[in-house]
Amino acid sequence: MKLKNTYDHFFKYQEITDILTAYAAEHPELCRLSPLAVTREGRNIWMIEITDLSTGDFADKPGFAVTGNIHAGEVTGNAAAMYFLDTIFSNLDDPKIADLLKDYTVYCIPRISPDGSELYLTTTTMLRSVPAMYPFEQPMPGLQPKDLDGDGVIRQMRIQDPAGAFKVDPDDPRVMIRRQPDDTEGPFYNIYGEGEILEFDPLEDVVAAPPQMGNDLNRNFPFSWAPENRQKGSGDFALSNTESRAIAEFMNSHKNICTILHFHTMGGQYLYPPGYKSGKEAHKEDMDRYKAIGEMAVKETGYVCWNVRDDYMGSRPGEILGLCDDFCHFAMGVLNYTCECWDFDARAGMPHVSPNKPKTFDEQIALFKARLKWLDENNNGEGFMMWTPFDHPQLGKVEIGGFDYKGVIQNPPLKFLESVIEGHTRFLLREMRCLPHLYTRDKKVTKVAEDTYKIEMVIGNSSYLPTYVLREALDNRKAAPIEVTLQGAEPVSGKAKETIGHLNGFWNSCEVGMTGSATPAHMPTFKKLTWVVKAPAGTVLTVTAAAPRAGKLVETITL
């Protein structure tokens with residue numbers, strides 16, 4: 001498909017603002033741009049709404065939402081969201097895009113943490129979410145990250161030490177391997193992050209200080225929130241951050257949102273809730289939908305589709321709390337995935353395994369070498385700097401080297417960026433077609449007496465997802481039922497306004513038995529409505545069927 005923008009760099013705040021503003025100015029018939037909130041540094045958290053307004057307002061259609069960059073350094077997530085928008089606006093003449101916008105509304109928040117990402121992109125700083133001191137008000141004693149050699153990257157330092165635990169790999173001098181218990185032939189090294197030591201004492205061991213900006217927006221959501229002593233990065237209280245509160249309020253105020261995709265980095269996974277407990281404890285029908293739709297993501301991207309708690313967290317003990325994913329699923333009843341863009345390790349030939357599964361030292365070294373090999377073969381070795389002597393102001397002679405974490409591990413080398421993000425748009429366009437879609441299966445008018453007519457109409461849902469989307473939405477009453485109204489004449493039989501509940505999708509309408517494929521008994525995908533009205537011939541009646549997640553269907557009937 002066509003594109004307007006180039007994806008050979010990561011967008012800063014002003015470029016994002018300019019692109020979004022241009023979309024809104026050029027296509028007022030399709031979109032609306034507005035800030036969800038203003039950050040502490042005065043930047044807007046932009047949200048753009050897109051639909052074909054000639055077929056209905058934004059809120060009158062099922063909503064499909066995309067977010068990016070809740071974590072400041074995960075700027076590939078923003079690129080994926082911007083690429084998705086670019087694909088839509090650059091291909092409005094494509095019938096597939098045009099038809100989607102006739103039936104659905106797209107909401108996109110391409111950068112949730114603009115303050116944090118701006119700092120990340122314009123300095124050597126690495127941070128989780130927002131540029132504010134947390135959980136300590138002042139920097140704590142210990143090794144503080146700093147770009148000492150001025151190459152624009154914070155790497156690692158190795159220091160010769162007779163008691164060091166590492167030595168140089170004889171097969172590759174870039175790699176540091178473990179010293180064997182009986183090894184007495186040095187040199188040996190200790191390895192630390194590149195930086196300087198606050199409250200340095202030459203007689204004390206070098207110890208990393210706690211992160212200065214440890215607030216994690218994706219641990220600050222109210223569902224299963226817990227304080228810092230249980231969940232690191234959780235914030236002062238649930239939704240204590242402007243950014244996370246803006247997302248929660250956005251979700252709560254847009255009742256038509258059916259699904260949401262959160263773009264993160266890194267790992268090469270599509271993750272689905274729950275995260276705070278096992279997926280085995282959630283509604284099976286909801287988990288089945290995640291798996292089925294997720295298979296499309298696997299096909300389009302080559303990633304894996306995992307449950308957060310059972311697969312992604314692996315055997316990691318403890319909890320993971322306050323997630324946006326769990327908030328969207330359990331509090332809002334919205335189907336949502338987190339996409340961890342950039343499958344570096346899989347591209348390097350390593351199997352997709354939980355990043356939280358404990359690895360032996362030898363397994364870690366094997367991963368390290370696989371990454372180096374991939375960089376050698378695909379990126380001219382760029383992304384790793386050979387160990388280089390440096391005079392440290394506190395530690396004396398050290399060597400600085402190692403990976404460019406920001407540029408090759410957390411995010412892809414720029415020449416691979418477009419190839420990393422384009423498959424996600426293919427999936428998003430497919431997923432959008434899974435949203436509920438009301439249609440008229442049949443309608444019939446029969447004259448039963450002078451100026452008296454019987455009207456029969458069948459309304460159906462032709463899509464995969466039911467009009468309530470998730471069973472969880474029924475439990476917490478977040479999915480309003482379909483309401484049908486008849487206008488133009490007062491019925492003498494039947495109701496002028498009637499609530500008909502929900503219509504199933506075809507998600508569970510297929511099974512294979514002994515004799516082959518079959519359609520099992522399931523919740524109905526359509527509903528028959530009947531009225532008798534007394535009105536003159538030629539009277540025009542209007543039937544409206546509507547629910548926030550199902551959209552609005554309007555039919556006219558002439559007697």
# chains A, B, ... in the order shown; residues from 1 in each chain; ligands from 1

call {"tool": "residues_around", "arguments": {"residues": "Glu29 of chain A", "least_positions_apart": "3", "cutoff": "10 Å", "atoms": "only C-alpha atoms", "output": "number ranges by chain"}}
result
A: 24-26, 32, 50-54

call {"tool": "write_last_selection", "arguments": {"atoms": "C-alpha atoms", "output": "PDB file, in the first residue's frame"}}
result
ATOM      1  CA  ALA A  24      -7.167  16.544  10.548  1.00  0.00           C
ATOM      2  CA  ALA A  25      -6.858  19.613   8.304  1.00  0.00           C
ATOM      3  CA  GLU A  26      -6.862  17.653   5.044  1.00  0.00           C
ATOM      4  CA  ARG A  32     -11.065  14.804  14.479  1.00  0.00           C
ATOM      5  CA  ILE A  50     -11.293   8.441  12.098  1.00  0.00           C
ATOM      6  CA  THR A  51     -14.468   7.312  10.357  1.00  0.00           C
ATOM      7  CA  ASP A  52     -16.497   8.054   7.244  1.00  0.00           C
ATOM      8  CA  LEU A  53     -18.820  10.678   8.695  1.00  0.00           C
ATOM      9  CA  SER A  54     -21.186  10.360   5.740  1.00  0.00           C
TER      10      SER A  54
END

call {"tool": "closest_atom_pairs", "arguments": {"of": "segment 381-485 of chain A", "to": "segment 489-510 of chain A", "cutoff": "7 Å", "atoms": "only C-alpha atoms", "output": "CSV"}}
result
residue,atom,partner,partner_atom,distance
A:Gly460,CA,A:Leu503,CA,7.0
A:Asn461,CA,A:Leu503,CA,6.1
A:Ser462,CA,A:Gly505,CA,6.6
A:Ser463,CA,A:Gly505,CA,5.4
A:Tyr464,CA,A:Gly505,CA,4.6
A:Leu465,CA,A:Gly505,CA,4.7
A:Pro466,CA,A:Gly505,CA,4.1
A:Thr467,CA,A:Leu503,CA,5.6
A:Tyr468,CA,A:His502,CA,6.5
A:Pro481,CA,A:Gly501,CA,4.6
A:Ile482,CA,A:Gly501,CA,5.4
A:Glu483,CA,A:Thr499,CA,4.3
A:Val484,CA,A:Glu498,CA,5.2
A:Thr485,CA,A:Lys497,CA,4.3

call {"tool": "select_by_dssp", "arguments": {"residues": "segment 303-385 of chain A", "states": "alpha helix (DSSP H)", "output": "VMD selection string"}}
result
chain A and resid 324 to 326 344 to 347 361 to 378

call {"tool": "write_last_selection", "arguments": {"atoms": "N, CA and C atoms", "output": "PDB file, in the first residue's frame"}}
result
ATOM      1  N   CYS A 324      -2.449  -1.975  32.230  1.00  0.00           N
ATOM      2  CA  CYS A 324      -3.472  -1.429  31.344  1.00  0.00           C
ATOM      3  C   CYS A 324      -4.265  -2.561  30.690  1.00  0.00           C
ATOM      4  N   ASP A 325      -3.584  -3.650  30.337  1.00  0.00           N
ATOM      5  CA  ASP A 325      -4.233  -4.799  29.703  1.00  0.00           C
ATOM      6  C   ASP A 325      -5.375  -5.331  30.573  1.00  0.00           C
ATOM      7  N   ASP A 326      -5.067  -5.543  31.873  1.00  0.00           N
ATOM      8  CA  ASP A 326      -6.083  -6.080  32.773  1.00  0.00           C
ATOM      9  C   ASP A 326      -7.196  -5.074  33.021  1.00  0.00           C
ATOM     10  N   PHE A 344      14.045  -9.332  17.816  1.00  0.00           N
ATOM     11  CA  PHE A 344      15.491  -9.441  17.603  1.00  0.00           C
ATOM     12  C   PHE A 344      15.993 -10.860  17.831  1.00  0.00           C
ATOM     13  N   ASP A 345      15.636 -11.452  18.963  1.00  0.00           N
ATOM     14  CA  ASP A 345      16.176 -12.772  19.296  1.00  0.00           C
ATOM     15  C   ASP A 345      15.688 -13.847  18.337  1.00  0.00           C
ATOM     16  N   ALA A 346      14.424 -13.749  17.922  1.00  0.00           N
ATOM     17  CA  ALA A 346      13.914 -14.725  16.952  1.00  0.00           C
ATOM     18  C   ALA A 346      14.639 -14.573  15.618  1.00  0.00           C
ATOM     19  N   ARG A 347      14.897 -13.340  15.207  1.00  0.00           N
ATOM     20  CA  ARG A 347      15.636 -13.116  13.964  1.00  0.00           C
ATOM     21  C   ARG A 347      17.061 -13.647  14.076  1.00  0.00           C
ATOM     22  N   PHE A 361      23.666 -19.348  32.775  1.00  0.00           N
ATOM     23  CA  PHE A 361      24.670 -18.432  32.252  1.00  0.00           C
ATOM     24  C   PHE A 361      25.039 -18.807  30.824  1.00  0.00           C
ATOM     25  N   ASP A 362      25.175 -20.101  30.561  1.00  0.00           N
ATOM     26  CA  ASP A 362      25.532 -20.541  29.209  1.00  0.00           C
ATOM     27  C   ASP A 362      24.445 -20.188  28.202  1.00  0.00           C
ATOM     28  N   GLU A 363      23.173 -20.270  28.613  1.00  0.00           N
ATOM     29  CA  GLU A 363      22.078 -19.872  27.717  1.00  0.00           C
ATOM     30  C   GLU A 363      22.122 -18.378  27.439  1.00  0.00           C
ATOM     31  N   GLN A 364      22.456 -17.594  28.437  1.00  0.00           N
ATOM     32  CA  GLN A 364      22.576 -16.147  28.243  1.00  0.00           C
ATOM     33  C   GLN A 364      23.709 -15.825  27.269  1.00  0.00           C
ATOM     34  N   ILE A 365      24.846 -16.525  27.415  1.00  0.00           N
ATOM     35  CA  ILE A 365      25.974 -16.284  26.520  1.00  0.00           C
ATOM     36  C   ILE A 365      25.623 -16.699  25.094  1.00  0.00           C
ATOM     37  N   ALA A 366      24.881 -17.808  24.952  1.00  0.00           N
ATOM     38  CA  ALA A 366      24.458 -18.236  23.623  1.00  0.00           C
ATOM     39  C   ALA A 366      23.579 -17.175  22.964  1.00  0.00           C
ATOM     40  N   LEU A 367      22.683 -16.559  23.730  1.00  0.00           N
ATOM     41  CA  LEU A 367      21.840 -15.482  23.213  1.00  0.00           C
ATOM     42  C   LEU A 367      22.691 -14.276  22.829  1.00  0.00           C
ATOM     43  N   PHE A 368      23.641 -13.936  23.675  1.00  0.00           N
ATOM     44  CA  PHE A 368      24.552 -12.816  23.424  1.00  0.00           C
ATOM     45  C   PHE A 368      25.285 -13.027  22.100  1.00  0.00           C
ATOM     46  N   LYS A 369      25.805 -14.231  21.892  1.00  0.00           N
ATOM     47  CA  LYS A 369      26.553 -14.518  20.671  1.00  0.00           C
ATOM     48  C   LYS A 369      25.641 -14.534  19.443  1.00  0.00           C
ATOM     49  N   ALA A 370      24.403 -15.020  19.610  1.00  0.00           N
ATOM     50  CA  ALA A 370      23.463 -15.028  18.486  1.00  0.00           C
ATOM     51  C   ALA A 370      23.145 -13.602  18.047  1.00  0.00           C
ATOM     52  N   ARG A 371      22.988 -12.702  19.001  1.00  0.00           N
ATOM     53  CA  ARG A 371      22.724 -11.300  18.662  1.00  0.00           C
ATOM     54  C   ARG A 371      23.909 -10.699  17.917  1.00  0.00           C
ATOM     55  N   LEU A 372      25.111 -10.975  18.398  1.00  0.00           N
ATOM     56  CA  LEU A 372      26.302 -10.459  17.721  1.00  0.00           C
ATOM     57  C   LEU A 372      26.412 -10.991  16.302  1.00  0.00           C
ATOM     58  N   LYS A 373      26.136 -12.271  16.134  1.00  0.00           N
ATOM     59  CA  LYS A 373      26.216 -12.882  14.808  1.00  0.00           C
ATOM     60  C   LYS A 373      25.223 -12.220  13.861  1.00  0.00           C
ATOM     61  N   TRP A 374      24.019 -11.966  14.357  1.00  0.00           N
ATOM     62  CA  TRP A 374      23.000 -11.320  13.511  1.00  0.00           C
ATOM     63  C   TRP A 374      23.448  -9.917  13.122  1.00  0.00           C
ATOM     64  N   LEU A 375      24.001  -9.170  14.082  1.00  0.00           N
ATOM     65  CA  LEU A 375      24.480  -7.823  13.768  1.00  0.00           C
ATOM     66  C   LEU A 375      25.619  -7.870  12.757  1.00  0.00           C
ATOM     67  N   ASP A 376      26.510  -8.845  12.895  1.00  0.00           N
ATOM     68  CA  ASP A 376      27.618  -8.984  11.942  1.00  0.00           C
ATOM     69  C   ASP A 376      27.100  -9.244  10.535  1.00  0.00           C
ATOM     70  N   GLU A 377      26.094 -10.121  10.429  1.00  0.00           N
ATOM     71  CA  GLU A 377      25.612 -10.560   9.118  1.00  0.00           C
ATOM     72  C   GLU A 377      24.602  -9.612   8.498  1.00  0.00           C
ATOM     73  N   ASN A 378      23.907  -8.831   9.315  1.00  0.00           N
ATOM     74  CA  ASN A 378      22.813  -8.018   8.801  1.00  0.00           C
ATOM     75  C   ASN A 378      22.977  -6.518   9.003  1.00  0.00           C
TER      76      ASN A 378
END

call {"tool": "atom_distance", "arguments": {"atom1": "atom CA of Asp169 of chain A", "atom2": "atom CA of Met386 of chain A"}}
result
13.1 Å

call {"tool": "residues_around", "arguments": {"residues": "Val106 of chain A", "least_positions_apart": "4", "cutoff": "8 Å", "atoms": "only C-alpha atoms", "output": "PyMOL selection string"}}
result
chain A and resi 49-51+63-66+101

call {"tool": "write_last_selection", "arguments": {"atoms": "N, CA, C and O atoms", "output": "PDB file, in the first residue's frame"}}
result
ATOM      1  N   GLU A  49      -9.515  10.549  15.935  1.00  0.00           N
ATOM      2  CA  GLU A  49     -10.671   9.698  15.629  1.00  0.00           C
ATOM      3  C   GLU A  49     -10.878   9.701  14.119  1.00  0.00           C
ATOM      4  O   GLU A  49     -10.810  10.763  13.498  1.00  0.00           O
ATOM      5  N   ILE A  50     -11.164   8.550  13.552  1.00  0.00           N
ATOM      6  CA  ILE A  50     -11.293   8.441  12.098  1.00  0.00           C
ATOM      7  C   ILE A  50     -12.501   7.576  11.751  1.00  0.00           C
ATOM      8  O   ILE A  50     -12.615   6.437  12.230  1.00  0.00           O
ATOM      9  N   THR A  51     -13.377   8.103  10.930  1.00  0.00           N
ATOM     10  CA  THR A  51     -14.468   7.312  10.357  1.00  0.00           C
ATOM     11  C   THR A  51     -15.031   8.082   9.168  1.00  0.00           C
ATOM     12  O   THR A  51     -14.769   9.277   8.993  1.00  0.00           O
ATOM     13  N   GLY A  63     -16.037   0.765  17.858  1.00  0.00           N
ATOM     14  CA  GLY A  63     -14.748   1.432  17.925  1.00  0.00           C
ATOM     15  C   GLY A  63     -13.583   0.458  17.988  1.00  0.00           C
ATOM     16  O   GLY A  63     -13.635  -0.575  18.657  1.00  0.00           O
ATOM     17  N   PHE A  64     -12.509   0.847  17.292  1.00  0.00           N
ATOM     18  CA  PHE A  64     -11.280   0.053  17.208  1.00  0.00           C
ATOM     19  C   PHE A  64     -10.136   0.974  17.598  1.00  0.00           C
ATOM     20  O   PHE A  64      -9.877   1.975  16.925  1.00  0.00           O
ATOM     21  N   ALA A  65      -9.460   0.689  18.704  1.00  0.00           N
ATOM     22  CA  ALA A  65      -8.475   1.621  19.244  1.00  0.00           C
ATOM     23  C   ALA A  65      -7.060   1.067  19.161  1.00  0.00           C
ATOM     24  O   ALA A  65      -6.835  -0.144  19.264  1.00  0.00           O
ATOM     25  N   VAL A  66      -6.105   1.974  18.977  1.00  0.00           N
ATOM     26  CA  VAL A  66      -4.680   1.644  18.906  1.00  0.00           C
ATOM     27  C   VAL A  66      -3.927   2.660  19.749  1.00  0.00           C
ATOM     28  O   VAL A  66      -4.174   3.867  19.648  1.00  0.00           O
ATOM     29  N   LEU A 101     -13.947   2.163   7.050  1.00  0.00           N
ATOM     30  CA  LEU A 101     -14.290   3.444   7.652  1.00  0.00           C
ATOM     31  C   LEU A 101     -15.782   3.742   7.554  1.00  0.00           C
ATOM     32  O   LEU A 101     -16.307   4.558   8.317  1.00  0.00           O
TER      33      LEU A 101
END

call {"tool": "closest_residue", "arguments": {"among": "A:Tyr134, A:Tyr83, A:Tyr192, A:Phe330", "to": "Gln156 of chain A", "atoms": "only C-alpha atoms"}}
result
A:Tyr192

call {"tool": "residues_around", "arguments": {"residues": "Glu196 of chain A", "least_positions_apart": "5", "cutoff": "10 Å", "atoms": "only C-alpha atoms", "output": "PDB file with N, CA, C and O atoms, in the first residue's frame"}}
result
ATOM      1  N   GLY A 142      25.233   5.275  44.615  1.00  0.00           N
ATOM      2  CA  GLY A 142      25.548   4.137  43.769  1.00  0.00           C
ATOM      3  C   GLY A 142      25.878   4.572  42.355  1.00  0.00           C
ATOM      4  O   GLY A 142      25.978   5.772  42.051  1.00  0.00           O
ATOM      5  N   LEU A 143      26.058   3.597  41.492  1.00  0.00           N
ATOM      6  CA  LEU A 143      26.428   3.861  40.101  1.00  0.00           C
ATOM      7  C   LEU A 143      25.259   4.464  39.338  1.00  0.00           C
ATOM      8  O   LEU A 143      24.188   3.861  39.227  1.00  0.00           O
ATOM      9  N   GLN A 144      25.457   5.660  38.812  1.00  0.00           N
ATOM     10  CA  GLN A 144      24.431   6.364  38.044  1.00  0.00           C
ATOM     11  C   GLN A 144      24.797   6.294  36.559  1.00  0.00           C
ATOM     12  O   GLN A 144      25.934   6.580  36.184  1.00  0.00           O
ATOM     13  N   PRO A 145      23.870   5.895  35.689  1.00  0.00           N
ATOM     14  CA  PRO A 145      24.180   5.798  34.253  1.00  0.00           C
ATOM     15  C   PRO A 145      24.631   7.137  33.686  1.00  0.00           C
ATOM     16  O   PRO A 145      24.055   8.192  33.985  1.00  0.00           O
ATOM     17  N   LYS A 146      25.683   7.090  32.852  1.00  0.00           N
ATOM     18  CA  LYS A 146      26.179   8.312  32.208  1.00  0.00           C
ATOM     19  C   LYS A 146      27.017   7.924  30.998  1.00  0.00           C
ATOM     20  O   LYS A 146      27.777   6.958  31.041  1.00  0.00           O
ATOM     21  N   ASP A 147      26.874   8.706  29.935  1.00  0.00           N
ATOM     22  CA  ASP A 147      27.679   8.495  28.728  1.00  0.00           C
ATOM     23  C   ASP A 147      29.039   9.157  28.945  1.00  0.00           C
ATOM     24  O   ASP A 147      29.221  10.331  28.659  1.00  0.00           O
ATOM     25  N   LEU A 148      29.989   8.393  29.423  1.00  0.00           N
ATOM     26  CA  LEU A 148      31.287   8.951  29.801  1.00  0.00           C
ATOM     27  C   LEU A 148      32.162   9.297  28.600  1.00  0.00           C
ATOM     28  O   LEU A 148      32.877  10.300  28.614  1.00  0.00           O
ATOM     29  N   VAL A 206      31.306  -1.571  43.788  1.00  0.00           N
ATOM     30  CA  VAL A 206      30.462  -0.765  42.917  1.00  0.00           C
ATOM     31  C   VAL A 206      29.071  -1.403  42.859  1.00  0.00           C
ATOM     32  O   VAL A 206      28.936  -2.582  42.516  1.00  0.00           O
ATOM     33  N   ALA A 208      24.978  -0.663  41.566  1.00  0.00           N
ATOM     34  CA  ALA A 208      24.080   0.197  40.796  1.00  0.00           C
ATOM     35  C   ALA A 208      23.062   0.853  41.709  1.00  0.00           C
ATOM     36  O   ALA A 208      22.491   0.212  42.598  1.00  0.00           O
ATOM     37  N   HIS A 392      38.535   6.488  33.784  1.00  0.00           N
ATOM     38  CA  HIS A 392      37.350   6.831  34.568  1.00  0.00           C
ATOM     39  C   HIS A 392      37.735   7.804  35.675  1.00  0.00           C
ATOM     40  O   HIS A 392      38.761   7.633  36.338  1.00  0.00           O
ATOM     41  N   PRO A 393      36.955   8.862  35.903  1.00  0.00           N
ATOM     42  CA  PRO A 393      37.326   9.858  36.913  1.00  0.00           C
ATOM     43  C   PRO A 393      37.363   9.312  38.338  1.00  0.00           C
ATOM     44  O   PRO A 393      37.979   9.926  39.220  1.00  0.00           O
ATOM     45  N   GLN A 394      36.745   8.184  38.576  1.00  0.00           N
ATOM     46  CA  GLN A 394      36.735   7.608  39.925  1.00  0.00           C
ATOM     47  C   GLN A 394      37.441   6.256  39.995  1.00  0.00           C
ATOM     48  O   GLN A 394      38.129   5.959  40.969  1.00  0.00           O
ATOM     49  N   LEU A 395      37.256   5.448  38.963  1.00  0.00           N
ATOM     50  CA  LEU A 395      37.741   4.067  38.999  1.00  0.00           C
ATOM     51  C   LEU A 395      39.087   3.890  38.312  1.00  0.00           C
ATOM     52  O   LEU A 395      39.663   2.794  38.347  1.00  0.00           O
TER      53      LEU A 395
END

call {"tool": "atom_distance", "arguments": {"atom1": "atom CA of Gly235 of chain A", "atom2": "atom CA of Ile112 of chain A"}}
result
16.3 Å

call {"tool": "residues_around", "arguments": {"residues": "Pro273 of chain A", "least_positions_apart": "5", "cutoff": "8 Å", "atoms": "only C-alpha atoms", "output": "number ranges by chain"}}
result
A: 279, 307-309, 325-326, 329, 336-337

call {"tool": "closest_residue", "arguments": {"among": "A:Met332, A:Phe390, A:Asp161, A:Asn220", "to": "Ile191 of chain A", "atoms": "only C-alpha atoms"}}
result
A:Asp161

call {"tool": "decode", "arguments": {"residues": "segment 174-182 of chain A", "atoms": "all heavy atoms", "output": "compact mmCIF listing (two decimals), in the first residue's frame"}}
result
# COMPACT_ATOMS: atom_id res chain seq x y z
N ARG A 174 34.78 -9.90 22.01
CA ARG A 174 33.69 -9.03 22.42
C ARG A 174 32.91 -9.61 23.59
O ARG A 174 32.23 -8.88 24.33
CB ARG A 174 32.72 -8.79 21.25
CG ARG A 174 33.33 -8.06 20.08
CD ARG A 174 32.37 -8.00 18.90
NE ARG A 174 32.09 -9.32 18.33
CZ ARG A 174 31.35 -9.54 17.26
NH1 ARG A 174 30.78 -8.51 16.63
NH2 ARG A 174 31.15 -10.76 16.80
N VAL A 175 32.99 -10.93 23.75
CA VAL A 175 32.14 -11.65 24.69
C VAL A 175 32.89 -11.89 26.00
O VAL A 175 34.06 -12.30 25.99
CB VAL A 175 31.69 -12.99 24.09
CG1 VAL A 175 30.80 -13.75 25.07
CG2 VAL A 175 30.96 -12.76 22.77
N MET A 176 32.22 -11.66 27.10
CA MET A 176 32.77 -11.95 28.42
C MET A 176 32.10 -13.20 28.97
O MET A 176 30.87 -13.26 29.06
CB MET A 176 32.55 -10.77 29.37
CG MET A 176 33.16 -9.46 28.89
SD MET A 176 34.94 -9.55 28.66
CE MET A 176 35.49 -9.76 30.35
N ILE A 177 32.91 -14.21 29.30
CA ILE A 177 32.37 -15.46 29.80
C ILE A 177 32.67 -15.62 31.28
O ILE A 177 33.48 -14.88 31.85
CB ILE A 177 32.93 -16.67 29.01
CG1 ILE A 177 34.46 -16.72 29.14
CG2 ILE A 177 32.49 -16.60 27.56
CD1 ILE A 177 35.07 -17.96 28.49
N ARG A 178 32.05 -16.61 31.89
CA ARG A 178 32.20 -16.81 33.33
C ARG A 178 33.55 -17.45 33.66
O ARG A 178 33.99 -18.39 32.99
CB ARG A 178 31.06 -17.69 33.84
CG ARG A 178 31.13 -17.97 35.33
CD ARG A 178 29.83 -18.55 35.83
NE ARG A 178 29.40 -19.70 35.05
CZ ARG A 178 28.24 -20.32 35.24
NH1 ARG A 178 27.40 -19.85 36.15
NH2 ARG A 178 27.91 -21.36 34.51
N ARG A 179 34.16 -16.97 34.68
CA ARG A 179 35.39 -17.57 35.20
C ARG A 179 35.05 -18.88 35.90
O ARG A 179 34.10 -18.95 36.71
CB ARG A 179 36.03 -16.59 36.19
CG ARG A 179 37.29 -17.08 36.87
CD ARG A 179 37.77 -16.02 37.86
NE ARG A 179 38.98 -16.42 38.54
CZ ARG A 179 39.58 -15.67 39.47
NH1 ARG A 179 39.03 -14.49 39.82
NH2 ARG A 179 40.71 -16.08 40.05
N GLN A 180 35.78 -19.92 35.58
CA GLN A 180 35.54 -21.22 36.19
C GLN A 180 36.02 -21.24 37.64
O GLN A 180 36.92 -20.47 38.02
CB GLN A 180 36.23 -22.31 35.39
CG GLN A 180 35.67 -22.51 33.99
CD GLN A 180 34.20 -22.88 34.02
OE1 GLN A 180 33.80 -23.83 34.69
NE2 GLN A 180 33.38 -22.10 33.31
N PRO A 181 35.44 -22.09 38.46
CA PRO A 181 35.81 -22.09 39.89
C PRO A 181 37.30 -22.28 40.16
O PRO A 181 37.82 -21.73 41.15
CB PRO A 181 34.99 -23.26 40.46
CG PRO A 181 33.80 -23.37 39.56
CD PRO A 181 34.32 -23.01 38.20
N ASP A 182 37.98 -23.03 39.28
CA ASP A 182 39.41 -23.29 39.52
C ASP A 182 40.33 -22.44 38.64
O ASP A 182 41.53 -22.71 38.55
CB ASP A 182 39.72 -24.77 39.29
CG ASP A 182 39.45 -25.19 37.84
OD1 ASP A 182 38.76 -24.45 37.12
OD2 ASP A 182 39.95 -26.27 37.44
